[in-house]
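File shown: protein.tsv. Contents: TSV, C-alpha atoms and all ligand atoms.
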```
chain	number	residue	atom	x	y	z
R	26	MET	CA	-21.63	-46.29	27.43
R	27	ASN	CA	-18.09	-44.89	27.42
R	28	SER	CA	-17.69	-41.19	26.99
R	29	HIS	CA	-17.15	-40.37	23.33
R	30	THR	CA	-15.90	-37.13	21.89
R	31	ILE	CA	-17.95	-35.99	18.94
R	32	VAL	CA	-17.43	-32.91	16.82
R	33	ILE	CA	-20.51	-31.85	14.89
R	34	LYS	CA	-20.24	-29.27	12.13
R	35	ILE	CA	-23.60	-27.91	11.04
R	36	GLY	CA	-24.17	-25.55	8.12
R	37	GLY	CA	-25.75	-22.14	8.44
R	38	ARG	CA	-28.65	-22.80	6.05
R	39	THR	CA	-29.45	-26.03	7.89
R	40	LEU	CA	-29.49	-24.26	11.25
R	41	SER	CA	-31.53	-21.30	10.04
R	42	SER	CA	-34.72	-23.33	10.55
R	43	GLN	CA	-35.95	-22.83	14.11
R	44	GLY	CA	-37.53	-26.30	14.03
R	45	VAL	CA	-34.23	-27.96	13.05
R	46	LEU	CA	-32.31	-26.06	15.73
R	47	GLU	CA	-34.83	-27.07	18.40
R	48	HIS	CA	-34.68	-30.70	17.30
R	49	LEU	CA	-30.85	-30.61	17.40
R	50	VAL	CA	-30.95	-29.14	20.91
R	51	ALA	CA	-33.18	-31.99	22.13
R	52	ASP	CA	-31.08	-34.58	20.27
R	53	ILE	CA	-27.81	-33.34	21.79
R	54	ALA	CA	-29.38	-33.03	25.24
R	55	ALA	CA	-30.31	-36.73	25.01
R	56	LEU	CA	-26.74	-37.78	24.12
R	57	GLU	CA	-25.53	-38.11	27.70
R	58	ASP	CA	-21.97	-39.22	28.49
R	59	HIS	CA	-20.65	-37.64	25.29
R	60	ARG	CA	-18.28	-34.73	25.01
R	61	ILE	CA	-19.70	-32.62	22.21
R	62	VAL	CA	-18.40	-29.62	20.32
R	63	LEU	CA	-20.78	-27.98	17.87
R	64	VAL	CA	-19.10	-25.97	15.12
R	65	HIS	CA	-21.52	-23.91	13.07
R	66	GLY	CA	-21.34	-22.27	9.68
R	67	GLY	CA	-23.31	-19.32	8.41
R	68	GLY	CA	-21.80	-18.60	5.02
R	69	ALA	CA	-25.09	-17.83	3.29
R	70	GLU	CA	-26.05	-15.33	6.00
R	71	VAL	CA	-22.61	-13.67	5.80
R	72	THR	CA	-22.99	-13.30	2.02
R	73	ALA	CA	-26.47	-11.82	2.45
R	74	TYR	CA	-25.37	-9.25	5.06
R	75	ALA	CA	-22.22	-8.37	3.11
R	76	GLY	CA	-24.39	-7.82	0.03
R	77	ARG	CA	-26.59	-5.39	1.95
R	78	LEU	CA	-23.45	-3.37	2.70
R	79	GLY	CA	-22.39	-3.43	-0.94
R	80	ILE	CA	-19.60	-5.97	-0.35
R	81	THR	CA	-19.31	-8.76	-2.93
R	82	SER	CA	-18.11	-12.10	-1.56
R	83	GLU	CA	-15.46	-14.00	-3.51
R	84	PHE	CA	-14.72	-17.72	-3.38
R	85	ALA	CA	-11.80	-19.92	-4.44
R	86	ASP	CA	-12.43	-23.70	-4.43
R	87	GLY	CA	-15.56	-23.12	-2.34
R	88	VAL	CA	-13.64	-21.14	0.29
R	89	ARG	CA	-14.48	-17.49	0.94
R	90	MET	CA	-11.53	-15.17	0.24
R	91	THR	CA	-12.43	-12.67	2.95
R	92	GLY	CA	-11.66	-8.98	2.40
R	93	GLU	CA	-10.78	-6.52	5.24
R	94	GLU	CA	-14.27	-4.98	5.34
R	95	GLU	CA	-15.97	-8.33	4.87
R	96	MET	CA	-14.07	-9.68	7.91
R	97	GLU	CA	-16.06	-7.31	10.11
R	98	VAL	CA	-19.26	-8.75	8.68
R	99	VAL	CA	-17.98	-12.31	9.21
R	100	ASP	CA	-17.28	-11.58	12.88
R	101	MET	CA	-20.63	-9.82	13.35
R	102	VAL	CA	-22.69	-12.50	11.67
R	103	LEU	CA	-20.81	-15.70	12.57
R	104	ALA	CA	-19.34	-14.97	16.00
R	105	GLY	CA	-22.25	-12.66	16.89
R	106	LEU	CA	-25.67	-13.28	15.41
R	107	VAL	CA	-25.48	-16.98	14.55
R	108	ASN	CA	-23.28	-18.06	17.47
R	109	LYS	CA	-25.44	-16.36	20.11
R	110	ARG	CA	-28.68	-17.53	18.49
R	111	VAL	CA	-27.50	-21.14	18.71
R	112	ALA	CA	-25.81	-21.07	22.13
R	113	ARG	CA	-28.77	-19.30	23.78
R	114	ARG	CA	-31.17	-21.92	22.45
R	115	PHE	CA	-29.16	-24.70	24.14
R	116	GLN	CA	-28.94	-22.72	27.36
R	117	ALA	CA	-32.71	-22.14	27.26
R	118	ALA	CA	-33.22	-25.91	27.04
R	119	GLY	CA	-31.09	-26.46	30.13
R	120	VAL	CA	-27.96	-27.59	28.27
R	121	PRO	CA	-25.00	-25.71	29.82
R	122	SER	CA	-23.32	-24.12	26.83
R	123	ALA	CA	-20.80	-21.48	25.84
R	124	GLY	CA	-20.87	-19.63	22.52
R	125	ILE	CA	-17.27	-18.96	21.60
R	126	CYS	CA	-15.10	-18.44	18.55
R	127	ALA	CA	-11.94	-20.25	17.51
R	128	SER	CA	-9.58	-17.58	18.87
R	129	ASP	CA	-10.93	-17.85	22.42
R	130	GLY	CA	-8.37	-19.30	24.80
R	131	GLY	CA	-5.86	-19.24	21.95
R	132	MET	CA	-7.57	-22.25	20.36
R	133	LEU	CA	-6.51	-21.48	16.77
R	134	THR	CA	-3.96	-18.97	15.49
R	135	GLY	CA	-2.92	-18.52	11.88
R	136	THR	CA	-1.63	-16.49	9.00
R	137	PRO	CA	-3.55	-14.78	6.17
R	138	LEU	CA	-3.89	-16.57	2.84
R	139	LEU	CA	-3.10	-14.63	-0.31
R	140	HIS	CA	-6.07	-13.53	-2.39
R	141	PRO	CA	-5.71	-14.62	-6.06
R	142	ASP	CA	-4.86	-10.94	-6.84
R	143	GLY	CA	-1.70	-11.33	-4.71
R	144	ASN	CA	-2.82	-9.27	-1.69
R	145	PRO	CA	-3.33	-10.82	1.75
R	146	SER	CA	-6.94	-11.76	2.51
R	147	ARG	CA	-8.51	-12.15	5.94
R	148	THR	CA	-9.06	-15.84	5.33
R	149	GLY	CA	-6.43	-17.67	7.32
R	150	ARG	CA	-4.42	-20.86	7.37
R	151	VAL	CA	-4.10	-22.46	10.80
R	152	ALA	CA	-0.55	-22.35	12.18
R	153	SER	CA	-1.00	-23.31	15.83
R	154	ARG	CA	-3.58	-25.00	18.00
R	155	ASN	CA	-4.30	-25.11	21.71
R	156	PRO	CA	-7.06	-27.37	23.06
R	157	THR	CA	-6.78	-26.27	26.73
R	158	PHE	CA	-9.77	-23.93	26.76
R	159	LEU	CA	-12.03	-26.44	24.99
R	160	GLU	CA	-10.87	-29.19	27.36
R	161	HIS	CA	-11.81	-26.98	30.33
R	162	LEU	CA	-15.29	-26.36	28.92
R	163	LEU	CA	-15.85	-30.05	28.19
R	164	ALA	CA	-14.52	-31.12	31.59
R	165	GLY	CA	-16.96	-28.66	33.18
R	166	GLY	CA	-19.84	-30.26	31.31
R	167	TYR	CA	-20.37	-27.39	28.87
R	168	LEU	CA	-21.35	-27.80	25.27
R	169	ALA	CA	-19.00	-25.64	23.21
R	170	VAL	CA	-20.75	-23.82	20.36
R	171	VAL	CA	-17.93	-22.61	18.13
R	172	ALA	CA	-17.89	-19.96	15.41
R	173	SER	CA	-14.97	-20.41	13.06
R	174	THR	CA	-13.37	-16.96	13.22
R	175	PHE	CA	-9.87	-17.00	14.70
R	176	THR	CA	-6.82	-14.74	14.97
R	177	ASP	CA	-3.49	-13.79	13.41
R	178	GLY	CA	-2.01	-13.70	16.93
R	179	ASP	CA	-1.67	-9.93	16.73
R	180	GLY	CA	-5.26	-9.15	17.66
R	181	GLY	CA	-6.52	-9.22	14.08
R	182	GLY	CA	-9.46	-11.40	13.09
R	183	LEU	CA	-9.16	-14.17	10.52
R	184	ASN	CA	-11.88	-16.21	8.88
R	185	LEU	CA	-11.70	-19.97	8.53
R	186	ASN	CA	-14.12	-22.18	6.63
R	187	ALA	CA	-16.19	-23.84	9.35
R	188	ASP	CA	-15.44	-27.29	7.89
R	189	ASP	CA	-11.71	-26.64	8.42
R	190	ALA	CA	-12.39	-25.40	11.95
R	191	ALA	CA	-14.27	-28.61	12.69
R	192	LEU	CA	-11.33	-30.64	11.36
R	193	GLU	CA	-8.85	-28.73	13.54
R	194	ILE	CA	-11.01	-29.17	16.63
R	195	ALA	CA	-11.67	-32.87	15.98
R	196	THR	CA	-7.93	-33.38	15.54
R	197	MET	CA	-6.88	-31.47	18.66
R	198	LEU	CA	-9.43	-33.34	20.79
R	199	SER	CA	-8.63	-36.74	19.21
R	200	ALA	CA	-12.36	-37.01	18.52
R	201	ASP	CA	-14.01	-40.37	17.95
R	202	ALA	CA	-16.37	-38.98	15.34
R	203	LEU	CA	-16.70	-35.94	13.09
R	204	LEU	CA	-20.07	-35.24	11.45
R	205	PHE	CA	-20.56	-32.67	8.72
R	206	LEU	CA	-24.28	-31.90	8.61
R	207	SER	CA	-25.40	-29.80	5.68
R	208	ASP	CA	-28.48	-29.13	3.54
R	209	VAL	CA	-27.85	-32.13	1.25
R	210	PRO	CA	-28.26	-35.83	2.20
R	211	GLY	CA	-24.54	-36.47	1.62
R	212	ILE	CA	-22.29	-36.51	-1.42
R	213	LEU	CA	-24.51	-36.72	-4.47
R	214	ARG	CA	-23.69	-37.77	-8.00
R	215	ARG	CA	-25.73	-37.23	-11.12
R	216	ARG	CA	-26.98	-40.54	-12.45
R	217	GLY	CA	-25.48	-42.02	-15.55
R	218	THR	CA	-22.18	-40.16	-15.18
R	219	GLU	CA	-20.22	-42.77	-13.25
R	220	ASP	CA	-20.12	-46.45	-12.34
R	221	ALA	CA	-23.20	-47.97	-10.69
R	222	SER	CA	-21.42	-49.42	-7.65
R	223	SER	CA	-22.91	-47.00	-5.10
R	224	GLU	CA	-26.25	-47.77	-3.55
R	225	GLY	CA	-28.45	-44.78	-4.29
R	226	GLU	CA	-32.01	-44.13	-3.27
R	227	PRO	CA	-34.46	-45.19	-5.95
R	228	GLY	CA	-35.91	-42.10	-7.56
R	229	THR	CA	-36.68	-40.42	-10.80
R	230	GLU	CA	-34.22	-40.61	-13.67
R	231	ASP	CA	-32.85	-37.15	-12.90
R	232	ALA	CA	-32.61	-37.47	-9.12
R	233	PRO	CA	-28.94	-37.64	-8.11
R	234	GLU	CA	-27.79	-40.72	-6.23
R	235	LEU	CA	-26.35	-40.63	-2.74
R	236	ILE	CA	-22.81	-42.01	-2.55
R	237	ARG	CA	-22.74	-44.11	0.64
R	238	ARG	CA	-18.96	-44.56	0.89
R	239	LEU	CA	-15.96	-42.74	-0.52
R	240	THR	CA	-12.22	-43.28	-0.01
R	241	PRO	CA	-9.67	-40.42	0.07
R	242	THR	CA	-8.49	-41.34	-3.44
R	243	GLU	CA	-12.05	-41.35	-4.77
R	244	VAL	CA	-12.67	-37.96	-3.15
R	245	GLU	CA	-9.98	-36.24	-5.25
R	246	ALA	CA	-11.22	-38.05	-8.36
R	247	GLU	CA	-14.78	-36.79	-7.75
R	248	ILE	CA	-13.44	-33.23	-7.38
R	249	GLY	CA	-11.51	-33.72	-10.63
R	250	THR	CA	-14.57	-34.87	-12.56
R	251	GLY	CA	-16.65	-31.98	-11.24
R	252	THR	CA	-19.04	-34.11	-9.18
R	253	ILE	CA	-17.91	-32.40	-5.99
R	254	THR	CA	-17.90	-28.61	-6.25
R	255	GLY	CA	-18.28	-25.42	-4.21
R	256	GLY	CA	-18.92	-25.76	-0.49
R	257	MET	CA	-18.61	-29.56	-0.70
R	258	ILE	CA	-14.89	-29.26	-1.53
R	259	PRO	CA	-13.69	-28.01	1.90
R	260	LYS	CA	-16.01	-30.59	3.50
R	261	VAL	CA	-14.48	-33.59	1.71
R	262	ARG	CA	-10.92	-32.31	2.07
R	263	SER	CA	-11.45	-31.80	5.82
R	264	SER	CA	-12.97	-35.27	6.00
R	265	VAL	CA	-9.92	-36.88	4.42
R	266	ALA	CA	-7.55	-34.91	6.67
R	267	ALA	CA	-9.58	-35.97	9.72
R	268	LEU	CA	-9.34	-39.60	8.68
R	269	HIS	CA	-5.56	-39.28	8.32
R	270	ALA	CA	-5.44	-37.64	11.76
R	271	GLY	CA	-7.06	-40.73	13.27
R	272	VAL	CA	-10.73	-39.70	13.62
R	273	GLY	CA	-12.52	-43.04	13.37
R	274	ILE	CA	-15.92	-42.02	12.05
R	275	VAL	CA	-16.24	-39.27	9.44
R	276	ILE	CA	-19.66	-38.75	7.89
R	277	ILE	CA	-21.08	-36.09	5.57
R	278	GLY	CA	-24.85	-35.99	5.84
R	279	THR	CA	-27.82	-33.82	6.55
R	280	TYR	CA	-29.83	-32.82	9.57
R	281	THR	CA	-33.58	-32.29	9.54
R	282	GLU	CA	-36.43	-32.26	12.03
R	283	ASP	CA	-36.69	-36.04	11.54
R	284	ALA	CA	-32.98	-36.75	11.97
R	285	SER	CA	-31.28	-38.57	14.82
R	286	LEU	CA	-27.62	-38.14	15.72
R	287	LYS	CA	-27.46	-41.76	16.92
R	288	HIS	CA	-28.80	-42.92	13.56
R	289	ILE	CA	-26.26	-40.78	11.69
R	290	LEU	CA	-23.39	-41.93	13.94
R	291	ALA	CA	-24.37	-45.54	13.29
R	292	GLY	CA	-23.76	-44.88	9.59
R	293	ASN	CA	-27.38	-45.26	8.57
R	294	SER	CA	-27.47	-42.14	6.46
R	295	GLY	CA	-25.13	-39.82	4.62
R	296	THR	CA	-21.75	-40.52	3.02
R	297	ARG	CA	-19.03	-42.18	5.11
R	298	ILE	CA	-15.48	-41.21	4.22
R	299	GLU	CA	-13.23	-44.19	4.95
R	300	GLN	CA	-10.15	-45.99	3.68
R	401	LIG	N1	-21.47	-33.69	-5.11
R	401	LIG	C1	-22.16	-32.89	-4.28
R	401	LIG	N2	-23.09	-33.44	-3.47
R	401	LIG	C2	-23.81	-32.67	-2.64
R	401	LIG	N3	-23.66	-31.32	-2.52
R	401	LIG	C3	-22.74	-30.72	-3.29
R	401	LIG	C4	-21.94	-31.47	-4.20
R	401	LIG	N4	-21.12	-30.62	-4.84
R	401	LIG	C5	-21.39	-29.40	-4.37
R	401	LIG	N5	-22.35	-29.43	-3.44
R	401	LIG	C6	-22.88	-28.26	-2.75
R	401	LIG	O1	-22.32	-28.15	-1.44
R	401	LIG	C7	-23.28	-27.47	-0.63
R	401	LIG	C8	-22.95	-27.59	0.84
R	401	LIG	O2	-21.85	-26.75	1.18
R	401	LIG	P1	-22.13	-25.26	1.73
R	401	LIG	O3	-20.80	-24.67	2.05
R	401	LIG	O4	-22.98	-24.51	0.78
R	401	LIG	O5	-22.99	-25.52	3.04
R	401	LIG	P2	-22.52	-25.80	4.55
R	401	LIG	O6	-21.05	-26.03	4.60
R	401	LIG	O7	-23.42	-26.86	5.08
R	401	LIG	O8	-22.89	-24.45	5.27
R	401	LIG	P3	-21.87	-23.31	5.81
R	401	LIG	O9	-20.99	-22.96	4.67
R	401	LIG	O10	-22.82	-22.24	6.24
R	401	LIG	O11	-21.12	-23.91	6.95
R	401	LIG	C9	-24.59	-28.08	-1.05
R	401	LIG	O12	-25.70	-27.28	-0.74
R	401	LIG	C10	-24.39	-28.26	-2.57
R	401	LIG	O13	-24.89	-27.15	-3.27
R	402	MG	MG	-19.68	-24.53	3.79
```

What's the structure tokens form of this structure?
Amino acid sequence: MNSHTIVIKIGGRTLSSQGVLEHLVADIAALEDHRIVLVHGGGAEVTAYAGRLGITSEFADGVRMTGEEEMEVVDMVLAGLVNKRVARRFQAAGVPSAGICASDGGMLTGTPLLHPDGNPSRTGRVASRNPTFLEHLLAGGYLAVVASTFTDGDGGGLNLNADDAALEIATMLSADALLFLSDVPGILRRRGTEDASSEGEPGTEDAPELIRRLTPTEVEAEIGTGTITGGMIPKVRSSVAALHAGVGIVIIGTYTEDASLKHILAGNSGTRIEQ
């Protein structure tokens, strides 16, 4: 099989199960001849730690508007706790890996976004990209485990939604596939609220249906109608941008102890975003 470049974004809640992490390690170890970058989230854990310190997290369109103090927590939890937990597990299984963040090697640099109150936040917009460091790691046979904190170029930390980081990395590496693996089977829609053209799993009357395919135009419509909300918004917007950047396979799905990356890549589960 030819070497494929795959960027996998996995959510913090999904990865917080030791069983799921161990299954993912074995699954990735079995995917030989692939260049893989694993971008991880950890939003729920950041919110929990920030709360313990009396910091309230704020979100706009599902994206954390990071305050100065909260940025320290984001770095500690994402680039520290979660990143090391994940990278060490791969290393323990014999998969050469490096736990890094998105400012290492100058990978991503950006500028702060304005908080809705008009003051600069520590959530950033990406302004420049440099794939050299990642290319070195991949050429050396290392799995890159990437936390999504990056830099303002002046030494200051910036936070980036991990879905956006995965998009940037997939784009800079001209990835063949980008998988967003979360704690939901894909993009879900409440039954009876839309047309019946999607093939959903049979279930009870109230069980939401899984949308198997969505085009970029449909994505914005589903945000408009309120089907897609919160943390799913950056995921679908990054998916559409990745598609426009030439990433061939873009899938939003889940990862469990029974999952298989090959099965997901083959389009057998989740929601595929395509034209
Ligand atoms: N239409 C939808 N279908 C499925 N999930 C949706 C939908 N709209 C909103 N969501 C929410 O999006 C969530 C996933 O995004 P979230 O940001 O919470 O997790 P993540 O991105 O996997 O993790 P992290 O933020 O740690 O990287 C789901 O748990 C669900 O609550
Ligand atoms: Mg998220």

Counting all atoms listed in the file, name the residues that have an atom within 9 Å of an atom of ligand MG 402 (chain R); the answer should be given as an MDAnalysis selection string.
chainID R and resid 35:37 66:69 87:88 186:188 207 255:260

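Closest approach to ligand LIG 401 (chain R) from the set R:Thr72, R:Thr296, R:Asn155, R:Thr252 is made by R:Thr252, with distances taken over only C-alpha atoms and all ligand atoms.
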
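Counting from atom CA of R:Val275, the distance to atom CA of R:Leu203 is 5.0 Å.
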
Counting all atoms listed in the file, which residue out of R:Gly273, R:Gly249, R:Gly292, R:Pro145 sits closest to ligand LIG 401 (chain R)?
R:Gly249

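Residue nearest ligand LIG 401 (chain R), chosen from R:Thr81, R:Ser173, R:Ser42, R:Thr242 and counting only C-alpha atoms and all ligand atoms: R:Ser173.
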
Report, in Å to a single decimal, how far apart atom CA of R:Asp142 and atom CA of R:Leu192 are.
27.6 Å

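Proximity ranking of R:Met96, R:Met197, R:Leu286, R:Val261 relative to ligand LIG 401 (chain R) places R:Val261 first, based on all atoms listed in the file.
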
Using only C-alpha atoms and all ligand atoms, the residue out of R:Pro210, R:Pro121, R:Gly271, R:Gly135 with shortest distance to ligand LIG 401 (chain R) is R:Pro210

Residues near stretch 126-130 of chain R, anyone? I mean within 10 Å using all atoms listed in the file, not counting same-chain ones fewer than 4 positions away, as number ranges by chain.
R: 64, 100, 103-105, 108, 134-135, 154-159, 169-178, 180, 182-185, 187, 190-191, 193-194

Please, could you write that set of residues out with C-alpha atoms as a PDB file, in the frame of the given file?
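Final file, again23.pdb:
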```pdb
ATOM      1  CA  VAL R  64     -19.100 -25.970  15.120  1.00  0.00           C
ATOM      2  CA  ASP R 100     -17.280 -11.580  12.880  1.00  0.00           C
ATOM      3  CA  LEU R 103     -20.810 -15.700  12.570  1.00  0.00           C
ATOM      4  CA  ALA R 104     -19.340 -14.970  16.000  1.00  0.00           C
ATOM      5  CA  GLY R 105     -22.250 -12.660  16.890  1.00  0.00           C
ATOM      6  CA  ASN R 108     -23.280 -18.060  17.470  1.00  0.00           C
ATOM      7  CA  THR R 134      -3.960 -18.970  15.490  1.00  0.00           C
ATOM      8  CA  GLY R 135      -2.920 -18.520  11.880  1.00  0.00           C
ATOM      9  CA  ARG R 154      -3.580 -25.000  18.000  1.00  0.00           C
ATOM     10  CA  ASN R 155      -4.300 -25.110  21.710  1.00  0.00           C
ATOM     11  CA  PRO R 156      -7.060 -27.370  23.060  1.00  0.00           C
ATOM     12  CA  THR R 157      -6.780 -26.270  26.730  1.00  0.00           C
ATOM     13  CA  PHE R 158      -9.770 -23.930  26.760  1.00  0.00           C
ATOM     14  CA  LEU R 159     -12.030 -26.440  24.990  1.00  0.00           C
ATOM     15  CA  ALA R 169     -19.000 -25.640  23.210  1.00  0.00           C
ATOM     16  CA  VAL R 170     -20.750 -23.820  20.360  1.00  0.00           C
ATOM     17  CA  VAL R 171     -17.930 -22.610  18.130  1.00  0.00           C
ATOM     18  CA  ALA R 172     -17.890 -19.960  15.410  1.00  0.00           C
ATOM     19  CA  SER R 173     -14.970 -20.410  13.060  1.00  0.00           C
ATOM     20  CA  THR R 174     -13.370 -16.960  13.220  1.00  0.00           C
ATOM     21  CA  PHE R 175      -9.870 -17.000  14.700  1.00  0.00           C
ATOM     22  CA  THR R 176      -6.820 -14.740  14.970  1.00  0.00           C
ATOM     23  CA  ASP R 177      -3.490 -13.790  13.410  1.00  0.00           C
ATOM     24  CA  GLY R 178      -2.010 -13.700  16.930  1.00  0.00           C
ATOM     25  CA  GLY R 180      -5.260  -9.150  17.660  1.00  0.00           C
ATOM     26  CA  GLY R 182      -9.460 -11.400  13.090  1.00  0.00           C
ATOM     27  CA  LEU R 183      -9.160 -14.170  10.520  1.00  0.00           C
ATOM     28  CA  ASN R 184     -11.880 -16.210   8.880  1.00  0.00           C
ATOM     29  CA  LEU R 185     -11.700 -19.970   8.530  1.00  0.00           C
ATOM     30  CA  ALA R 187     -16.190 -23.840   9.350  1.00  0.00           C
ATOM     31  CA  ALA R 190     -12.390 -25.400  11.950  1.00  0.00           C
ATOM     32  CA  ALA R 191     -14.270 -28.610  12.690  1.00  0.00           C
ATOM     33  CA  GLU R 193      -8.850 -28.730  13.540  1.00  0.00           C
ATOM     34  CA  ILE R 194     -11.010 -29.170  16.630  1.00  0.00           C
TER      35      ILE R 194
END
```

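You will find atom CA of R:Ala266 at 14.9 Å from atom CA of R:Lys34.
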
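With all atoms listed in the file as the basis for measurement, R:Arg215 is the residue among R:His29, R:Arg215, R:Arg237, R:His59 that approaches ligand LIG 401 (chain R) most closely.
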
Enclose stretch 279-288 of chain R, meaning all of its atoms listed in the file, in a box aligned along x, y and z, pad it by 5 Å on each side, and list the centre and edge lengths in Å to one decimal, as lines of an AutoDock Vina configuration file.
```
center_x = -32.1
center_y = -37.6
center_z = 11.7
size_x = 19.2
size_y = 20.7
size_z = 20.4
```

As a PyMOL selection string, please: the residues near R:Met90 (cut-off 7 Å, all atoms listed in the file, same-chain neighbours under 3 positions excluded).
chain R and resi 83-85+140+146+148

Identify, on the basis of all atoms listed in the file, every residue whose closest approach to R:Phe115 does not exceed 9 Å; exclude the query and any residue fewer than 4 positions from it along the same chain; express the result as a compact mmCIF listing (two decimals) with C-alpha atoms, in the coordinates of the input.
```txt
# COMPACT_ATOMS: atom_id res chain seq x y z
CA GLU R 47 -34.83 -27.07 18.40
CA VAL R 50 -30.95 -29.14 20.91
CA ALA R 51 -33.18 -31.99 22.13
CA ALA R 54 -29.38 -33.03 25.24
CA VAL R 111 -27.50 -21.14 18.71
CA GLY R 119 -31.09 -26.46 30.13
CA VAL R 120 -27.96 -27.59 28.27
CA PRO R 121 -25.00 -25.71 29.82
CA SER R 122 -23.32 -24.12 26.83
CA LEU R 168 -21.35 -27.80 25.27
```

Contact residues around R:Ser82 with only C-alpha atoms at 10 Å, ignoring same-chain residues under 2 positions, as an MDAnalysis selection string:
chainID R and resid 68 71:73 75:76 79:80 84 89:92 95

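Close contacts of R:Val45, defined as residues with an atom at most 8 Å away when counting all atoms listed in the file, with chain neighbours fewer than 3 positions off set aside, comprise Thr39, Leu40, Ser41, Ser42, His48, Leu49, Tyr280, Thr281 and Glu282 of chain R.
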